[in-house]
Each structure stands twice: as structure tokens, then as C-alpha cells.
file query_31.txt (compact mmCIF, C-alpha atoms)
# COMPACT_ATOMS: atom_id res chain seq x y z
CA ALA A 1 83.87 89.50 91.63
CA GLN A 2 87.27 90.67 90.63
CA SER A 3 88.29 90.10 87.04
CA VAL A 4 90.91 91.13 84.58
CA THR A 5 90.38 91.48 80.86
CA GLN A 6 93.07 91.60 78.24
CA PRO A 7 91.18 92.37 75.04
CA ASP A 8 93.96 91.43 72.64
CA ILE A 9 94.85 87.75 72.31
CA HIS A 10 97.89 88.61 70.24
CA ILE A 11 99.63 91.69 68.91
CA THR A 12 102.33 92.06 66.27
CA VAL A 13 104.65 95.07 66.23
CA SER A 14 107.76 95.90 64.30
CA GLU A 15 111.06 96.03 66.11
CA GLY A 16 111.69 99.60 67.23
CA ALA A 17 108.02 100.51 67.21
CA SER A 18 106.10 101.50 70.30
CA LEU A 19 103.89 99.05 72.17
CA GLU A 20 100.76 99.27 74.25
CA LEU A 21 99.09 96.23 75.78
CA ARG A 22 95.65 96.76 77.22
CA CYS A 23 94.34 95.60 80.56
CA ASN A 24 90.99 96.36 82.15
CA TYR A 25 90.01 95.32 85.61
CA SER A 26 86.79 94.98 87.47
CA TYR A 27 87.12 95.65 91.17
CA GLY A 28 85.28 97.83 93.62
CA ALA A 29 88.09 99.03 95.84
CA THR A 30 91.61 100.10 95.06
CA PRO A 31 93.18 97.22 93.18
CA TYR A 32 96.69 95.94 93.38
CA LEU A 33 97.78 95.49 89.78
CA PHE A 34 100.67 93.65 88.22
CA TRP A 35 102.13 92.90 84.82
CA TYR A 36 104.03 89.67 84.32
CA VAL A 37 105.92 88.43 81.27
CA GLN A 38 106.41 84.81 80.31
CA SER A 39 108.91 83.85 77.65
CA PRO A 40 108.32 80.54 75.86
CA GLY A 41 109.01 77.61 78.14
CA GLN A 42 109.71 79.85 81.13
CA GLY A 43 108.06 80.90 84.35
CA LEU A 44 106.51 84.30 84.95
CA GLN A 45 108.64 87.34 85.64
CA LEU A 46 107.27 90.47 87.30
CA LEU A 47 107.58 93.55 85.10
CA LEU A 48 105.96 96.10 87.38
CA LYS A 49 103.26 96.62 89.95
CA TYR A 50 100.90 99.33 91.13
CA PHE A 51 99.63 99.69 94.69
CA SER A 52 98.99 103.39 95.18
CA GLY A 53 100.52 106.80 94.60
CA ASP A 54 101.90 107.87 91.26
CA THR A 55 99.72 106.42 88.55
CA LEU A 56 102.60 106.00 86.12
CA VAL A 57 104.70 103.05 87.17
CA GLN A 58 108.14 102.21 85.84
CA GLY A 59 109.23 98.61 85.52
CA ILE A 60 112.09 96.53 84.29
CA LYS A 61 113.23 96.17 80.68
CA GLY A 62 112.02 99.67 79.80
CA PHE A 63 108.34 98.97 80.43
CA GLU A 64 105.90 101.32 82.11
CA ALA A 65 102.21 101.18 82.91
CA GLU A 66 99.62 103.78 83.71
CA PHE A 67 96.77 103.26 86.14
CA LYS A 68 93.60 105.07 85.10
CA ARG A 69 90.85 104.67 87.65
CA SER A 70 88.26 106.43 85.47
CA GLN A 71 88.81 103.86 82.73
CA SER A 72 89.52 100.89 85.01
CA SER A 73 92.64 100.32 82.99
CA PHE A 74 96.27 99.48 83.59
CA ASN A 75 97.88 99.48 80.17
CA LEU A 76 101.47 98.43 79.62
CA ARG A 77 103.68 100.48 77.32
CA LYS A 78 107.15 100.44 75.88
CA PRO A 79 108.48 103.18 73.57
CA SER A 80 110.69 100.92 71.44
CA VAL A 81 110.22 97.17 71.23
CA HIS A 82 113.14 94.77 70.91
CA TRP A 83 112.93 91.31 69.33
CA SER A 84 113.61 89.80 72.76
CA ASP A 85 110.33 91.27 74.03
CA ALA A 86 108.38 88.63 72.11
CA ALA A 87 106.56 86.75 74.87
CA GLU A 88 103.24 86.30 76.63
CA TYR A 89 102.16 89.16 78.86
CA PHE A 90 99.75 88.72 81.75
CA CYS A 91 97.97 91.44 83.64
CA ALA A 92 96.94 90.44 87.16
CA VAL A 93 95.00 91.80 90.09
CA VAL A 94 95.09 90.91 93.75
CA ARG A 95 92.03 91.58 95.79
CA GLY A 96 92.26 94.17 98.52
CA THR A 97 91.91 91.95 101.56
CA GLY A 98 93.43 88.61 102.41
CA GLY A 99 95.33 88.98 99.26
CA PHE A 100 96.59 85.53 98.57
CA LYS A 101 94.68 85.13 95.34
CA THR A 102 96.18 86.61 92.22
CA ILE A 103 93.74 86.68 89.32
CA PHE A 104 95.34 86.64 85.91
CA GLY A 105 94.03 87.93 82.64
CA ALA A 106 93.99 85.57 79.68
CA GLY A 107 97.26 86.97 78.39
CA THR A 108 98.41 88.79 75.26
CA ARG A 109 100.96 87.17 73.02
CA LEU A 110 103.40 89.68 71.56
CA PHE A 111 105.06 88.96 68.23
CA VAL A 112 107.90 91.18 67.07
CA LYS A 113 108.75 91.38 63.39
CA ALA A 114 112.06 92.53 62.00
CA ASP B 1 117.45 84.73 87.50
CA THR B 2 114.55 83.42 89.51
CA GLU B 3 115.03 82.82 93.21
CA VAL B 4 112.41 80.09 93.18
CA THR B 5 113.95 76.84 92.00
CA GLN B 6 111.90 73.97 90.63
CA THR B 7 112.96 70.43 89.85
CA PRO B 8 112.72 68.59 87.59
CA LYS B 9 112.29 70.90 84.62
CA HIS B 10 110.72 68.12 82.60
CA LEU B 11 108.93 64.99 83.76
CA VAL B 12 107.27 62.24 81.78
CA MET B 13 105.24 59.77 83.81
CA GLY B 14 102.81 56.97 83.23
CA MET B 15 99.34 56.99 84.65
CA THR B 16 100.27 54.44 87.31
CA ASN B 17 103.49 56.15 88.40
CA LYS B 18 104.15 58.09 91.57
CA LYS B 19 106.40 61.10 91.19
CA SER B 20 107.04 64.41 92.90
CA LEU B 21 107.74 67.96 91.87
CA LYS B 22 109.98 69.99 94.14
CA CYS B 23 110.28 73.69 94.81
CA GLU B 24 112.71 75.66 96.92
CA GLN B 25 113.06 79.32 97.84
CA HIS B 26 115.55 81.09 100.07
CA MET B 27 113.99 84.53 100.21
CA GLY B 28 112.51 83.97 103.68
CA HIS B 29 109.02 83.95 102.22
CA ARG B 30 106.30 82.37 104.33
CA ALA B 31 103.74 81.81 101.59
CA MET B 32 104.20 79.30 98.80
CA TYR B 33 101.94 78.36 95.93
CA TRP B 34 101.37 75.78 93.25
CA TYR B 35 99.86 76.86 89.96
CA LYS B 36 98.93 74.82 86.92
CA GLN B 37 99.23 76.32 83.46
CA LYS B 38 97.91 74.76 80.28
CA ALA B 39 99.16 75.87 76.91
CA LYS B 40 98.03 79.35 75.89
CA LYS B 41 96.20 79.85 79.20
CA PRO B 42 96.97 81.88 82.32
CA PRO B 43 98.17 80.13 85.47
CA GLU B 44 95.47 78.64 87.68
CA LEU B 45 95.93 78.51 91.42
CA MET B 46 96.00 75.02 92.93
CA PHE B 47 97.29 75.33 96.51
CA VAL B 48 98.48 77.97 98.93
CA TYR B 49 100.65 77.32 101.95
CA SER B 50 100.95 79.98 104.59
CA TYR B 51 103.50 79.47 107.35
CA GLU B 52 103.83 75.84 106.31
CA LYS B 53 100.14 75.15 106.67
CA LEU B 54 97.80 74.48 103.78
CA SER B 55 95.47 77.46 103.61
CA ILE B 56 93.89 77.07 100.19
CA ASN B 57 93.01 74.06 98.10
CA GLU B 58 91.23 75.15 94.95
CA SER B 59 89.21 71.94 94.68
CA VAL B 60 92.18 70.09 93.26
CA PRO B 61 91.76 66.32 92.71
CA SER B 62 93.35 64.13 95.37
CA ARG B 63 95.77 62.66 92.86
CA PHE B 64 97.70 65.87 93.52
CA SER B 65 99.04 66.00 97.07
CA PRO B 66 101.02 69.00 98.28
CA GLU B 67 103.51 68.96 101.11
CA CYS B 68 105.46 71.72 102.82
CA PRO B 69 108.29 70.12 104.82
CA ASN B 70 109.66 73.48 105.95
CA SER B 71 109.43 77.16 105.15
CA SER B 72 111.78 76.85 102.18
CA LEU B 73 110.46 73.74 100.51
CA LEU B 74 107.26 72.83 98.75
CA ASN B 75 106.53 69.51 97.10
CA LEU B 76 103.74 68.31 94.87
CA HIS B 77 103.24 64.56 94.96
CA LEU B 78 101.66 63.04 91.88
CA HIS B 79 99.87 59.71 91.70
CA ALA B 80 97.53 58.12 89.18
CA LEU B 81 97.47 61.17 86.94
CA GLN B 82 95.52 61.48 83.75
CA PRO B 83 96.81 62.67 80.37
CA GLU B 84 94.79 65.88 80.79
CA ASP B 85 96.98 66.70 83.79
CA SER B 86 99.84 67.34 81.40
CA ALA B 87 100.78 70.99 81.89
CA LEU B 88 103.38 73.39 83.21
CA TYR B 89 103.37 73.39 87.00
CA LEU B 90 104.58 76.61 88.51
CA CYS B 91 105.74 77.11 92.05
CA ALA B 92 105.70 80.58 93.53
CA SER B 93 106.33 82.34 96.79
CA SER B 94 105.56 85.64 98.47
CA GLN B 95 106.43 87.29 101.75
CA ASP B 96 103.15 86.15 103.25
CA THR B 97 99.49 86.04 102.35
CA GLY B 98 98.20 88.75 104.64
CA TYR B 99 99.13 91.72 102.53
CA SER B 100 97.50 92.18 99.18
CA GLY B 101 100.44 94.01 97.80
CA ASN B 102 102.73 91.05 98.14
CA THR B 103 104.55 90.29 94.98
CA ILE B 104 104.47 86.68 93.93
CA TYR B 105 107.74 85.33 92.59
CA PHE B 106 107.52 82.42 90.22
CA GLY B 107 109.87 79.61 89.43
CA GLU B 108 110.52 78.53 85.87
CA GLY B 109 108.13 75.64 86.15
CA SER B 110 108.13 71.90 85.69
CA TRP B 111 106.79 70.57 82.43
CA LEU B 112 104.75 67.46 83.14
CA THR B 113 103.66 65.01 80.47
CA VAL B 114 101.40 62.12 81.46
CA VAL B 115 101.40 59.21 79.04
call {"tool": "encode", "arguments": {"input": "query_31.txt", "output": "C-alpha cells"}}
result
Amino acid sequence: AQSVTQPDIHITVSEGASLELRCNYSYGATPYLFWYVQSPGQGLQLLLKYFSGDTLVQGIKGFEAEFKRSQSSFNLRKPSVHWSDAAEYFCAVVRGTGGFKTIFGAGTRLFVKA
Amino acid sequence: DTEVTQTPKHLVMGMTNKKSLKCEQHMGHRAMYWYKQKAKKPPELMFVYSYEKLSINESVPSRFSPECPNSSLLNLHLHALQPEDSALYLCASSQDTGYSGNTIYFGEGSWLTVV
């Protein structure tokens, strides 16, 4: 069965520092992978997605993610974190056929310190 | 700004009340979804509508009753809820359900408290 693992429940980084949030997936075929962000009290906003092609994907708000098939990973990165990036981040996978079901990871809460 | 609009943003209801959550999208999407999200947890799929027909019910209790009056609207009717049903209810939409690469667009959610 498809699954998504986000190993870090929460991460704290200093403003201006770089960020990497980890995501590992379990899926036999080519996965469709997404990163969503959820600010407190808000819905989910799509940051970026990977379907195929270039394994380095650019998203909104300066985020990027790299798909590594050999490591079954899709880690999210940002070179310089801003205080407004503090939020919950969800990695998600959609199965390859009949793709109505998005499976979310447990989420990583990002704290940004001044 | 999200293009999926949910009302109300906050709802407090008693266990004997009947209320509804409403969702609207004008992106021409033909798939709409209800998710439930408890605090510090990821969203959990409840229902999927595809072309205005219910295609997935994730074993949701009958006290939750979805309705899709047209391709732009999705309702969730609530009756005889329990306090443990208190959560953030998220509506979402996508172009359709047949393509795995469809991006799901979420609304900002309706916070439901059952007292």
C-alpha cells in the first residue's frame, strides 16, 4: 500500500537559515508527489508537485523539492527561511491509477526563531 | 487567495442540532471532496464527488450526509453529532478524479465544535 512518512514531527530553524523537510514514500510505480503548507487556522495550500521529468521542482514562496527515486524521497528545501514560513507542512502522494485518493504524511511543524 | 470558498468559518452546534457546511468553487472542477482534520493530524478523506455523483464514502457515519446540488456546490449536512466530531472540515476540488496528477485545491475550512 502507498504510504508517506515524514520523520520529523517538528523542526526549529533560525530566521535566515536554510531548511530541509524530509519525506519518504512507499509506492511501487512512479508516484505523484505534493507538498502542502497549512498555516495555523487555515486550509492547505499547494507549494509544489512532481509528476515526471526534471527531478528538481520549483514551487511558490521560494521552496523547491527534489525527487530521488533511489532513496524514495521527496525532500522540501528553502535556502533562507522567513518568520512567515512557520506552519505545518504535509507531504502527499497520489496513487498512479484512479487517482482520487491523496495520502498525506503526518506533517512536520516548522518553528522559526528570530 | 483560495478559490474554494467554505461557509461558515466557525460553527458551534449542540448534539441534537441540524446544521450544514457549504462549499463553492468556480474553477470548473468536476471533482469535489470533504476532508476532516483533527488537531495536529493530517486531513482524512471523507467523501468524493465526481461529476456530481458520490463516488467514495470512506465509511463515514450516517450523521454526516453529503450533497452535491450542482458542479460548483458541495454541502455537508450534520445531524446528531458527537463531541468527538469536533474538527476542521476541509472542502477541496480538482479537475476530475481520473488523472492522478490532478492537483487538489483546498478551502480554508470550517471549524466545527460540537457541545
call {"tool": "closest_atom_pairs", "arguments": {"input": "query_31.txt", "of": "chain B", "to": "chain A", "cutoff": "12 Å", "atoms": "all atoms listed in the file", "output": "Markdown table"}}
result
| residue | atom | partner | partner_atom | distance |
| --- | --- | --- | --- | --- |
| B:Asp1 | CA | A:Gln45 | CA | 9.4 |
| B:Thr2 | CA | A:Gln45 | CA | 8.1 |
| B:Glu3 | CA | A:Gln45 | CA | 10.9 |
| B:Val4 | CA | A:Gly43 | CA | 9.9 |
| B:Thr5 | CA | A:Gly43 | CA | 10.5 |
| B:Gln6 | CA | A:Gly43 | CA | 10.1 |
| B:Lys9 | CA | A:Gly41 | CA | 9.9 |
| B:His10 | CA | A:Gly41 | CA | 10.6 |
| B:Arg30 | CA | A:Phe100 | CA | 11.7 |
| B:Ala31 | CA | A:Phe100 | CA | 8.6 |
| B:Met32 | CA | A:Phe100 | CA | 9.8 |
| B:Tyr33 | CA | A:Phe100 | CA | 9.3 |
| B:Trp34 | CA | A:Lys101 | CA | 11.7 |
| B:Tyr35 | CA | A:Thr102 | CA | 10.7 |
| B:Lys36 | CA | A:Gly43 | CA | 11.3 |
| B:Gln37 | CA | A:Gly43 | CA | 10.0 |
| B:Lys38 | CA | A:Ala106 | CA | 11.5 |
| B:Ala39 | CA | A:Gly41 | CA | 10.1 |
| B:Lys40 | CA | A:Gly107 | CA | 8.1 |
| B:Lys41 | CA | A:Ala106 | CA | 6.2 |
| B:Pro42 | CA | A:Ala106 | CA | 5.4 |
| B:Pro43 | CA | A:Phe104 | CA | 7.1 |
| B:Glu44 | CA | A:Phe104 | CA | 8.2 |
| B:Leu45 | CA | A:Lys101 | CA | 7.8 |
| B:Met46 | CA | A:Lys101 | CA | 10.5 |
| B:Phe47 | CA | A:Lys101 | CA | 10.2 |
| B:Val48 | CA | A:Phe100 | CA | 7.8 |
| B:Tyr49 | CA | A:Phe100 | CA | 9.8 |
| B:Ser50 | CA | A:Phe100 | CA | 9.3 |
| B:Ser55 | CA | A:Phe100 | CA | 9.6 |
| B:Ile56 | CA | A:Phe100 | CA | 9.0 |
| B:Asn57 | CA | A:Lys101 | CA | 11.5 |
| B:Glu58 | CA | A:Lys101 | CA | 10.6 |
| B:Ala87 | CA | A:Gly41 | CA | 11.2 |
| B:Leu88 | CA | A:Gly41 | CA | 8.7 |
| B:Tyr89 | CA | A:Gly43 | CA | 9.2 |
| B:Leu90 | CA | A:Gly43 | CA | 6.9 |
| B:Cys91 | CA | A:Gly43 | CA | 8.9 |
| B:Ala92 | CA | A:Leu44 | CA | 9.4 |
| B:Ser93 | CA | A:Phe100 | CA | 10.4 |
| B:Ser94 | CA | A:Phe100 | CA | 9.0 |
| B:Gln95 | CA | A:Phe100 | CA | 10.5 |
| B:Asp96 | CA | A:Phe100 | CA | 8.1 |
| B:Thr97 | CA | A:Phe100 | CA | 4.8 |
| B:Gly98 | CA | A:Gly98 | CA | 5.3 |
| B:Tyr99 | CA | A:Gly99 | CA | 5.7 |
| B:Ser100 | CA | A:Gly99 | CA | 3.9 |
| B:Gly101 | CA | A:Tyr32 | CA | 6.1 |
| B:Asn102 | CA | A:Gly99 | CA | 7.8 |
| B:Thr103 | CA | A:Leu46 | CA | 8.1 |
| B:Ile104 | CA | A:Leu46 | CA | 8.1 |
| B:Tyr105 | CA | A:Gln45 | CA | 7.3 |
| B:Phe106 | CA | A:Leu44 | CA | 5.7 |
| B:Gly107 | CA | A:Gly43 | CA | 5.5 |
| B:Glu108 | CA | A:Gly43 | CA | 3.7 |
| B:Gly109 | CA | A:Gly43 | CA | 5.6 |
| B:Ser110 | CA | A:Gly43 | CA | 9.1 |
| B:Trp111 | CA | A:Gly41 | CA | 8.5 |
call {"tool": "atom_distance", "arguments": {"input": "query_31.txt", "atom1": "atom CA of Pro66 of chain B", "atom2": "atom CA of Gly28 of chain B"}}
result
19.6 Å
call {"tool": "closest_residue", "arguments": {"input": "query_31.txt", "among": "B:Val115, B:Gln25, B:Thr7, B:Ser65", "to": "Ser86 of chain B", "atoms": "all atoms listed in the file"}}
result
B:Val115
call {"tool": "residues_around", "arguments": {"input": "query_31.txt", "residues": "segment 71-80 of chain A", "least_positions_apart": "5", "cutoff": "8 Å", "atoms": "all atoms listed in the file", "output": "ChimeraX atom specification"}}
result
/A:15-26,33,35,62-66
call {"tool": "write_last_selection", "arguments": {"input": "query_31.txt", "atoms": "C-alpha atoms", "output": "JSON list (two decimals), in the coordinates of the input"}}
result
[["chain", "number", "residue", "atom", "x", "y", "z"],
["A", 15, "GLU", "CA", 111.06, 96.03, 66.11],
["A", 16, "GLY", "CA", 111.69, 99.60, 67.23],
["A", 17, "ALA", "CA", 108.02, 100.51, 67.21],
["A", 18, "SER", "CA", 106.10, 101.50, 70.30],
["A", 19, "LEU", "CA", 103.89, 99.05, 72.17],
["A", 20, "GLU", "CA", 100.76, 99.27, 74.25],
["A", 21, "LEU", "CA", 99.09, 96.23, 75.78],
["A", 22, "ARG", "CA", 95.65, 96.76, 77.22],
["A", 23, "CYS", "CA", 94.34, 95.60, 80.56],
["A", 24, "ASN", "CA", 90.99, 96.36, 82.15],
["A", 25, "TYR", "CA", 90.01, 95.32, 85.61],
["A", 26, "SER", "CA", 86.79, 94.98, 87.47],
["A", 33, "LEU", "CA", 97.78, 95.49, 89.78],
["A", 35, "TRP", "CA", 102.13, 92.90, 84.82],
["A", 62, "GLY", "CA", 112.02, 99.67, 79.80],
["A", 63, "PHE", "CA", 108.34, 98.97, 80.43],
["A", 64, "GLU", "CA", 105.90, 101.32, 82.11],
["A", 65, "ALA", "CA", 102.21, 101.18, 82.91],
["A", 66, "GLU", "CA", 99.62, 103.78, 83.71]]
call {"tool": "residues_around", "arguments": {"input": "query_31.txt", "residues": "Asn70 of chain B", "least_positions_apart": "3", "cutoff": "8 Å", "atoms": "only C-alpha atoms", "output": "list in words"}}
result
Glu52, Leu73 and Leu74 of chain B
call {"tool": "write_last_selection", "arguments": {"input": "query_31.txt", "atoms": "C-alpha atoms", "output": "PDB file, keeping the file's coordinate frame"}}
result
ATOM      1  CA  GLU B  52     103.830  75.840 106.310  1.00  0.00           C
ATOM      2  CA  LEU B  73     110.460  73.740 100.510  1.00  0.00           C
ATOM      3  CA  LEU B  74     107.260  72.830  98.750  1.00  0.00           C
TER       4      LEU B  74
END
call {"tool": "atom_distance", "arguments": {"input": "query_31.txt", "atom1": "atom CA of Ala29 of chain A", "atom2": "atom CA of Arg69 of chain A"}}
result
10.3 Å
call {"tool": "closest_residue", "arguments": {"input": "query_31.txt", "among": "B:Leu78, B:Val114, B:Val12, B:Cys68", "to": "Leu54 of chain B", "atoms": "all atoms listed in the file"}}
result
B:Cys68
call {"tool": "axis_aligned_box", "arguments": {"input": "query_31.txt", "around": "segment 21-33 of chain A", "padding_each_side": "3 Å", "output": "AutoDock Vina command-line options"}}
result
--center_x 92.2 --center_y 97.5 --center_z 85.8 --size_x 19.8 --size_y 11.1 --size_z 26.1
call {"tool": "atom_distance", "arguments": {"input": "query_31.txt", "atom1": "atom CA of Pro8 of chain B", "atom2": "atom CA of His77 of chain B"}}
result
12.7 Å
call {"tool": "residues_around", "arguments": {"input": "query_31.txt", "residues": "Thr16 of chain B", "least_positions_apart": "3", "cutoff": "9 Å", "atoms": "all atoms listed in the file", "output": "JSON, numbers by chain"}}
result
{"B": [13, 79, 80, 81]}
call {"tool": "build_atoms", "arguments": {"input": "query_31.txt", "residues": "segment 58-81 of chain A", "atoms": "N, CA, C and O atoms", "output": "PDB file, in the frame of the given file"}}
result
ATOM      1  N   GLN A  58     107.023 102.676  86.659  1.00  0.00           N
ATOM      2  CA  GLN A  58     108.140 102.210  85.840  1.00  0.00           C
ATOM      3  C   GLN A  58     108.504 100.786  86.227  1.00  0.00           C
ATOM      4  O   GLN A  58     108.465 100.424  87.410  1.00  0.00           O
ATOM      5  N   GLY A  59     108.854  99.994  85.253  1.00  0.00           N
ATOM      6  CA  GLY A  59     109.230  98.610  85.520  1.00  0.00           C
ATOM      7  C   GLY A  59     110.574  98.272  84.933  1.00  0.00           C
ATOM      8  O   GLY A  59     111.343  99.147  84.540  1.00  0.00           O
ATOM      9  N   ILE A  60     110.821  96.990  84.844  1.00  0.00           N
ATOM     10  CA  ILE A  60     112.090  96.530  84.290  1.00  0.00           C
ATOM     11  C   ILE A  60     111.993  96.450  82.773  1.00  0.00           C
ATOM     12  O   ILE A  60     110.895  96.517  82.203  1.00  0.00           O
ATOM     13  N   LYS A  61     113.138  96.346  82.129  1.00  0.00           N
ATOM     14  CA  LYS A  61     113.230  96.170  80.680  1.00  0.00           C
ATOM     15  C   LYS A  61     112.613  97.321  79.902  1.00  0.00           C
ATOM     16  O   LYS A  61     112.210  97.147  78.756  1.00  0.00           O
ATOM     17  N   GLY A  62     112.528  98.503  80.503  1.00  0.00           N
ATOM     18  CA  GLY A  62     112.020  99.670  79.800  1.00  0.00           C
ATOM     19  C   GLY A  62     110.508  99.779  79.719  1.00  0.00           C
ATOM     20  O   GLY A  62     109.977 100.625  79.000  1.00  0.00           O
ATOM     21  N   PHE A  63     109.795  98.932  80.423  1.00  0.00           N
ATOM     22  CA  PHE A  63     108.340  98.970  80.430  1.00  0.00           C
ATOM     23  C   PHE A  63     107.800  99.950  81.469  1.00  0.00           C
ATOM     24  O   PHE A  63     108.428 100.198  82.490  1.00  0.00           O
ATOM     25  N   GLU A  64     106.630 100.488  81.171  1.00  0.00           N
ATOM     26  CA  GLU A  64     105.900 101.320  82.110  1.00  0.00           C
ATOM     27  C   GLU A  64     104.414 101.019  81.958  1.00  0.00           C
ATOM     28  O   GLU A  64     103.982 100.444  80.954  1.00  0.00           O
ATOM     29  N   ALA A  65     103.658 101.369  82.977  1.00  0.00           N
ATOM     30  CA  ALA A  65     102.210 101.180  82.910  1.00  0.00           C
ATOM     31  C   ALA A  65     101.540 102.349  83.606  1.00  0.00           C
ATOM     32  O   ALA A  65     102.094 102.926  84.540  1.00  0.00           O
ATOM     33  N   GLU A  66     100.357 102.663  83.137  1.00  0.00           N
ATOM     34  CA  GLU A  66      99.620 103.780  83.710  1.00  0.00           C
ATOM     35  C   GLU A  66      98.289 103.300  84.250  1.00  0.00           C
ATOM     36  O   GLU A  66      97.503 102.672  83.527  1.00  0.00           O
ATOM     37  N   PHE A  67      98.036 103.600  85.500  1.00  0.00           N
ATOM     38  CA  PHE A  67      96.770 103.260  86.140  1.00  0.00           C
ATOM     39  C   PHE A  67      95.790 104.404  85.905  1.00  0.00           C
ATOM     40  O   PHE A  67      96.072 105.558  86.226  1.00  0.00           O
ATOM     41  N   LYS A  68      94.645 104.082  85.333  1.00  0.00           N
ATOM     42  CA  LYS A  68      93.600 105.070  85.100  1.00  0.00           C
ATOM     43  C   LYS A  68      92.318 104.567  85.753  1.00  0.00           C
ATOM     44  O   LYS A  68      91.614 103.711  85.191  1.00  0.00           O
ATOM     45  N   ARG A  69      92.014 105.127  86.901  1.00  0.00           N
ATOM     46  CA  ARG A  69      90.850 104.670  87.650  1.00  0.00           C
ATOM     47  C   ARG A  69      89.562 104.931  86.853  1.00  0.00           C
ATOM     48  O   ARG A  69      88.665 104.092  86.838  1.00  0.00           O
ATOM     49  N   SER A  70      89.487 106.073  86.185  1.00  0.00           N
ATOM     50  CA  SER A  70      88.260 106.430  85.470  1.00  0.00           C
ATOM     51  C   SER A  70      87.955 105.441  84.340  1.00  0.00           C
ATOM     52  O   SER A  70      86.795 105.264  83.960  1.00  0.00           O
ATOM     53  N   GLN A  71      88.993 104.815  83.823  1.00  0.00           N
ATOM     54  CA  GLN A  71      88.810 103.860  82.730  1.00  0.00           C
ATOM     55  C   GLN A  71      88.982 102.417  83.188  1.00  0.00           C
ATOM     56  O   GLN A  71      88.906 101.500  82.370  1.00  0.00           O
ATOM     57  N   SER A  72      89.251 102.235  84.473  1.00  0.00           N
ATOM     58  CA  SER A  72      89.520 100.890  85.010  1.00  0.00           C
ATOM     59  C   SER A  72      90.564 100.172  84.163  1.00  0.00           C
ATOM     60  O   SER A  72      90.411  99.000  83.800  1.00  0.00           O
ATOM     61  N   SER A  73      91.621 100.905  83.863  1.00  0.00           N
ATOM     62  CA  SER A  73      92.640 100.320  82.990  1.00  0.00           C
ATOM     63  C   SER A  73      94.030 100.408  83.612  1.00  0.00           C
ATOM     64  O   SER A  73      94.295 101.246  84.478  1.00  0.00           O
ATOM     65  N   PHE A  74      94.869  99.530  83.142  1.00  0.00           N
ATOM     66  CA  PHE A  74      96.270  99.480  83.590  1.00  0.00           C
ATOM     67  C   PHE A  74      97.069  98.984  82.396  1.00  0.00           C
ATOM     68  O   PHE A  74      97.528  97.854  82.346  1.00  0.00           O
ATOM     69  N   ASN A  75      97.247  99.856  81.428  1.00  0.00           N
ATOM     70  CA  ASN A  75      97.880  99.480  80.170  1.00  0.00           C
ATOM     71  C   ASN A  75      99.401  99.517  80.268  1.00  0.00           C
ATOM     72  O   ASN A  75      99.981 100.407  80.885  1.00  0.00           O
ATOM     73  N   LEU A  76     100.015  98.560  79.623  1.00  0.00           N
ATOM     74  CA  LEU A  76     101.470  98.430  79.620  1.00  0.00           C
ATOM     75  C   LEU A  76     102.026  99.055  78.354  1.00  0.00           C
ATOM     76  O   LEU A  76     101.490  98.821  77.263  1.00  0.00           O
ATOM     77  N   ARG A  77     103.114  99.797  78.477  1.00  0.00           N
ATOM     78  CA  ARG A  77     103.680 100.480  77.320  1.00  0.00           C
ATOM     79  C   ARG A  77     105.203 100.309  77.288  1.00  0.00           C
ATOM     80  O   ARG A  77     105.848 100.099  78.316  1.00  0.00           O
ATOM     81  N   LYS A  78     105.707 100.396  76.071  1.00  0.00           N
ATOM     82  CA  LYS A  78     107.150 100.440  75.880  1.00  0.00           C
ATOM     83  C   LYS A  78     107.391 101.285  74.630  1.00  0.00           C
ATOM     84  O   LYS A  78     106.766 101.055  73.600  1.00  0.00           O
ATOM     85  N   PRO A  79     108.301 102.258  74.704  1.00  0.00           N
ATOM     86  CA  PRO A  79     108.480 103.180  73.570  1.00  0.00           C
ATOM     87  C   PRO A  79     109.131 102.533  72.346  1.00  0.00           C
ATOM     88  O   PRO A  79     108.842 102.922  71.223  1.00  0.00           O
ATOM     89  N   SER A  80     109.987 101.535  72.559  1.00  0.00           N
ATOM     90  CA  SER A  80     110.690 100.920  71.440  1.00  0.00           C
ATOM     91  C   SER A  80     110.882  99.437  71.731  1.00  0.00           C
ATOM     92  O   SER A  80     111.632  99.067  72.629  1.00  0.00           O
ATOM     93  N   VAL A  81     110.210  98.607  70.967  1.00  0.00           N
ATOM     94  CA  VAL A  81     110.220  97.170  71.230  1.00  0.00           C
ATOM     95  C   VAL A  81     111.461  96.512  70.628  1.00  0.00           C
ATOM     96  O   VAL A  81     111.898  96.846  69.525  1.00  0.00           O
TER      97      VAL A  81
END
